[in-house]
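As structure tokens, the structure follows; a few thoughts come after it.
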Amino acid sequence: MISESARYYGVVLSYLVDNTDGPILICQQEDALPGEYLINESVSVLIKYSTRRKGPWSFNVHRSHLLRVKQISKSVQKSVVVFVCGSDGIVAIALDDLNKIVVDGPAQQAISVRRKLRQMYGLKGPAGGLDRRLSRGSLASLIQA
């Protein structure tokens with residue numbers, strides 16, 4: 001039986017294969033979190049998903065996940081968190097932008113993702129909203145940049 005998490009992780013990995021120029025290497029480190037992958041040995045990706053069909057989508061981010069993303073960012077070129085918004089789409093945020101919407105301290109934080117019809121995604125966390133909207137192509141642009 002295919003687990004629910006495997007389906008959502010698979011969506012992101014399939015998107016990467018389809019939208020990245022050239023060959024792509026996807027691997028998982030032995031101490032990785034569930035949904036954490038290393039892309040082309042240079043970009044760390046942590047996948048969070050919501051099964052909710054319509055927005056707004058809410059994602060719980062544990063302190064240990066934030067610490068892991070910050071820790072791994074020291075050994076890779078870039079750290080990215082990907083939010084799978086039900087069947088609507090995916091949006092990705094780099095660690096620098098993630099730090100703008102989360103706060104230090106709480107054991108668990110909620111990040112909200114909203115998208116109006118024919119609009120881009122807006123992200124909001126305990127520290128406030130991101131100052132710009134992100135497109136469905138944000139993951140491909142972060143991986144290739």
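In the structure tokens, chains take letters A, B, ... by order of appearance, with residues numbered from 1 within each chain and ligands from 1 in the order shown.
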field: For range 11-28 of chain A: contacts at 6 Å, only C-alpha atoms, fewer than 3 positions along chain excluded, given as a PyMOL selection string
entry: chain A and resi 8+37-40
Those same residues - all heavy atoms - I'd like them written as a short mmCIF file (atom, residue, chain, number, x, y, z; two decimals), in the first residue's frame.
data_model
loop_
_atom_site.label_atom_id
_atom_site.label_comp_id
_atom_site.auth_asym_id
_atom_site.auth_seq_id
_atom_site.Cartn_x
_atom_site.Cartn_y
_atom_site.Cartn_z
N TYR A 8 2.52 12.50 -1.59
CA TYR A 8 2.82 13.93 -1.61
C TYR A 8 4.30 14.18 -1.87
O TYR A 8 4.65 15.11 -2.60
CB TYR A 8 2.36 14.60 -0.31
CG TYR A 8 0.86 14.74 -0.27
CD1 TYR A 8 0.07 13.89 0.50
CD2 TYR A 8 0.22 15.72 -1.02
CE1 TYR A 8 -1.30 14.02 0.52
CE2 TYR A 8 -1.16 15.85 -1.01
CZ TYR A 8 -1.92 15.00 -0.23
OH TYR A 8 -3.28 15.12 -0.22
N TYR A 37 15.14 15.63 1.33
CA TYR A 37 15.94 15.06 0.25
C TYR A 37 17.08 16.02 -0.10
O TYR A 37 16.99 17.23 0.12
CB TYR A 37 15.08 14.81 -1.00
CG TYR A 37 13.98 13.82 -0.73
CD1 TYR A 37 12.73 14.25 -0.32
CD2 TYR A 37 14.20 12.46 -0.86
CE1 TYR A 37 11.71 13.34 -0.03
CE2 TYR A 37 13.20 11.54 -0.59
CZ TYR A 37 11.95 11.99 -0.17
OH TYR A 37 10.97 11.10 0.10
N LEU A 38 18.11 15.48 -0.71
CA LEU A 38 19.23 16.27 -1.18
C LEU A 38 19.20 16.21 -2.71
O LEU A 38 19.22 15.12 -3.29
CB LEU A 38 20.55 15.71 -0.64
CG LEU A 38 21.79 16.54 -0.89
CD1 LEU A 38 21.67 17.93 -0.25
CD2 LEU A 38 23.02 15.83 -0.34
N ILE A 39 19.14 17.37 -3.34
CA ILE A 39 19.02 17.46 -4.78
C ILE A 39 20.36 17.89 -5.37
O ILE A 39 20.91 18.93 -4.97
CB ILE A 39 17.92 18.47 -5.19
CG1 ILE A 39 16.61 18.20 -4.43
CG2 ILE A 39 17.72 18.49 -6.70
CD1 ILE A 39 16.00 16.84 -4.65
N ASN A 40 20.87 17.10 -6.30
CA ASN A 40 22.13 17.38 -6.98
C ASN A 40 23.27 17.68 -6.01
O ASN A 40 24.14 18.51 -6.30
CB ASN A 40 21.96 18.52 -7.99
CG ASN A 40 21.10 18.11 -9.16
OD1 ASN A 40 20.96 16.93 -9.45
ND2 ASN A 40 20.50 19.07 -9.82
#
Each residue of range 10-116 of chain A with at least one atom at most 8 Å from range 128-131 of chain A should appear once, together with its nearest atom pair and the corresponding distance in Å (one decimal); atoms considered: only C-alpha atoms; ordering: chain, then increasing residue number; output as CSV.
residue,atom,partner,partner_atom,distance
A:Asp97,CA,A:Leu130,CA,7.2
A:Lys100,CA,A:Leu130,CA,6.9
A:Ile101,CA,A:Gly128,CA,5.3
A:Val102,CA,A:Gly128,CA,7.8
- prompt: Near Ala107 in chain A, counting only C-alpha atoms, which residues have an atom at most 10 Å away, once you skip same-chain residues fewer than 3 positions from it, shown as a ChimeraX atom specification?
  reply: /A:61-66,104
query: Of the candidates A:Ile143, A:Gly122, A:Gln108, A:Leu98, which one gets nearest to Gln77 in chain A if we count only C-alpha atoms?
result: A:Ile143
DSSP says alpha helix (DSSP H) for which residues of range 16-48 of chain A? Put them as a compact mmCIF listing (two decimals) with all heavy atoms, in the first residue's frame?
# COMPACT_ATOMS: atom_id res chain seq x y z
N LEU A 16 10.23 17.99 -9.78
CA LEU A 16 11.65 18.31 -9.96
C LEU A 16 12.22 17.65 -11.21
O LEU A 16 12.94 18.28 -11.99
CB LEU A 16 12.46 17.88 -8.73
CG LEU A 16 12.30 18.76 -7.50
CD1 LEU A 16 12.96 18.10 -6.29
CD2 LEU A 16 12.89 20.13 -7.74
N VAL A 17 11.90 16.39 -11.42
CA VAL A 17 12.39 15.67 -12.59
C VAL A 17 11.86 16.32 -13.86
O VAL A 17 12.59 16.52 -14.84
CB VAL A 17 12.01 14.18 -12.52
CG1 VAL A 17 12.28 13.47 -13.84
CG2 VAL A 17 12.76 13.50 -11.38
N ASP A 18 10.60 16.69 -13.88
CA ASP A 18 9.97 17.26 -15.06
C ASP A 18 10.37 18.71 -15.34
O ASP A 18 10.30 19.16 -16.48
CB ASP A 18 8.44 17.21 -14.94
CG ASP A 18 7.89 15.79 -14.96
OD1 ASP A 18 8.63 14.87 -15.38
OD2 ASP A 18 6.74 15.59 -14.54
N ASN A 19 10.77 19.45 -14.31
CA ASN A 19 11.00 20.89 -14.48
C ASN A 19 12.43 21.34 -14.24
O ASN A 19 12.69 22.53 -14.10
CB ASN A 19 10.07 21.67 -13.55
CG ASN A 19 8.63 21.52 -13.97
OD1 ASN A 19 8.19 22.11 -14.95
ND2 ASN A 19 7.89 20.69 -13.26
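Shortest atom-to-atom contact with Ser5 in chain A among A:Val84, A:Val43, A:Val103, A:Ile72: A:Val84, counting only C-alpha atoms.
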task: Considering only C-alpha atoms, return as a PyMOL selection string whatever protein or nucleic-acid residues lie within 8 Å of Leu139 in chain A, sequence-local ones (same chain, fewer than 6 positions apart) excluded.
output: chain A and resi 16+82+90-93
Could you turn the residues from that selection into a file that holds N, CA and C atoms, as a short mmCIF file (atom, residue, chain, number, x, y, z; two decimals), in the first residue's frame?
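The resulting file, result_0.cif, is reproduced below:
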data_model
loop_
_atom_site.label_atom_id
_atom_site.label_comp_id
_atom_site.auth_asym_id
_atom_site.auth_seq_id
_atom_site.Cartn_x
_atom_site.Cartn_y
_atom_site.Cartn_z
N LEU A 16 10.23 17.99 -9.78
CA LEU A 16 11.65 18.31 -9.96
C LEU A 16 12.22 17.65 -11.21
N VAL A 82 9.41 23.04 0.94
CA VAL A 82 8.36 22.95 -0.08
C VAL A 82 7.05 22.64 0.60
N ILE A 90 2.18 23.32 -5.59
CA ILE A 90 3.28 23.36 -4.63
C ILE A 90 3.92 24.74 -4.68
N VAL A 91 4.45 25.14 -3.54
CA VAL A 91 5.17 26.41 -3.44
C VAL A 91 6.39 26.17 -2.57
N ALA A 92 7.50 26.81 -2.93
CA ALA A 92 8.75 26.60 -2.21
C ALA A 92 9.29 27.92 -1.70
N ILE A 93 9.97 27.83 -0.55
CA ILE A 93 10.53 29.02 0.07
C ILE A 93 11.95 28.70 0.53
#
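Nearest to Lys124 in chain A of all the residues A:Phe59, A:Val76, A:Lys48, A:Pro106 is A:Phe59, counting only C-alpha atoms.
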task: Identify, on the basis of only C-alpha atoms, every residue whose closest approach to Ser75 in chain A does not exceed 12 Å; exclude the query and any residue fewer than 5 positions from it along the same chain; express the result as a PyMOL selection string.
output: chain A and resi 38+41-44+68-70
- request: Go ahead and compute the interatomic distance for CA of Leu142 in chain A and CA of Ala94 in chain A, in Å to one decimal.
  value: 7.3 Å
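CA of Ser138 in chain A lies 19.7 Å from CA of Lys54 in chain A.
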- request: Could you give me the residues within range 2-130 of chain A that DSSP places in strand (DSSP E or B), as an MDAnalysis selection string?
  value: chainID A and resid 26:27 36:39 43:50 57:62 78:85 89:94 108:114 121:125 128:129
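Distance check against Leu134 in chain A using only C-alpha atoms: of A:Gln119, A:Ser3, A:Ser87, A:Gln29, the minimum falls on A:Gln119.
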message: Please report the interatomic distance between CA of Trp57 in chain A and CA of Ser79 in chain A in Å with one decimal.
response: 21.6 Å
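The nearest approach to Thr51 in chain A among the residues A:Asp31, A:Asp88, A:Asp96, A:Glu36, with only C-alpha atoms taken into account, belongs to A:Asp88.
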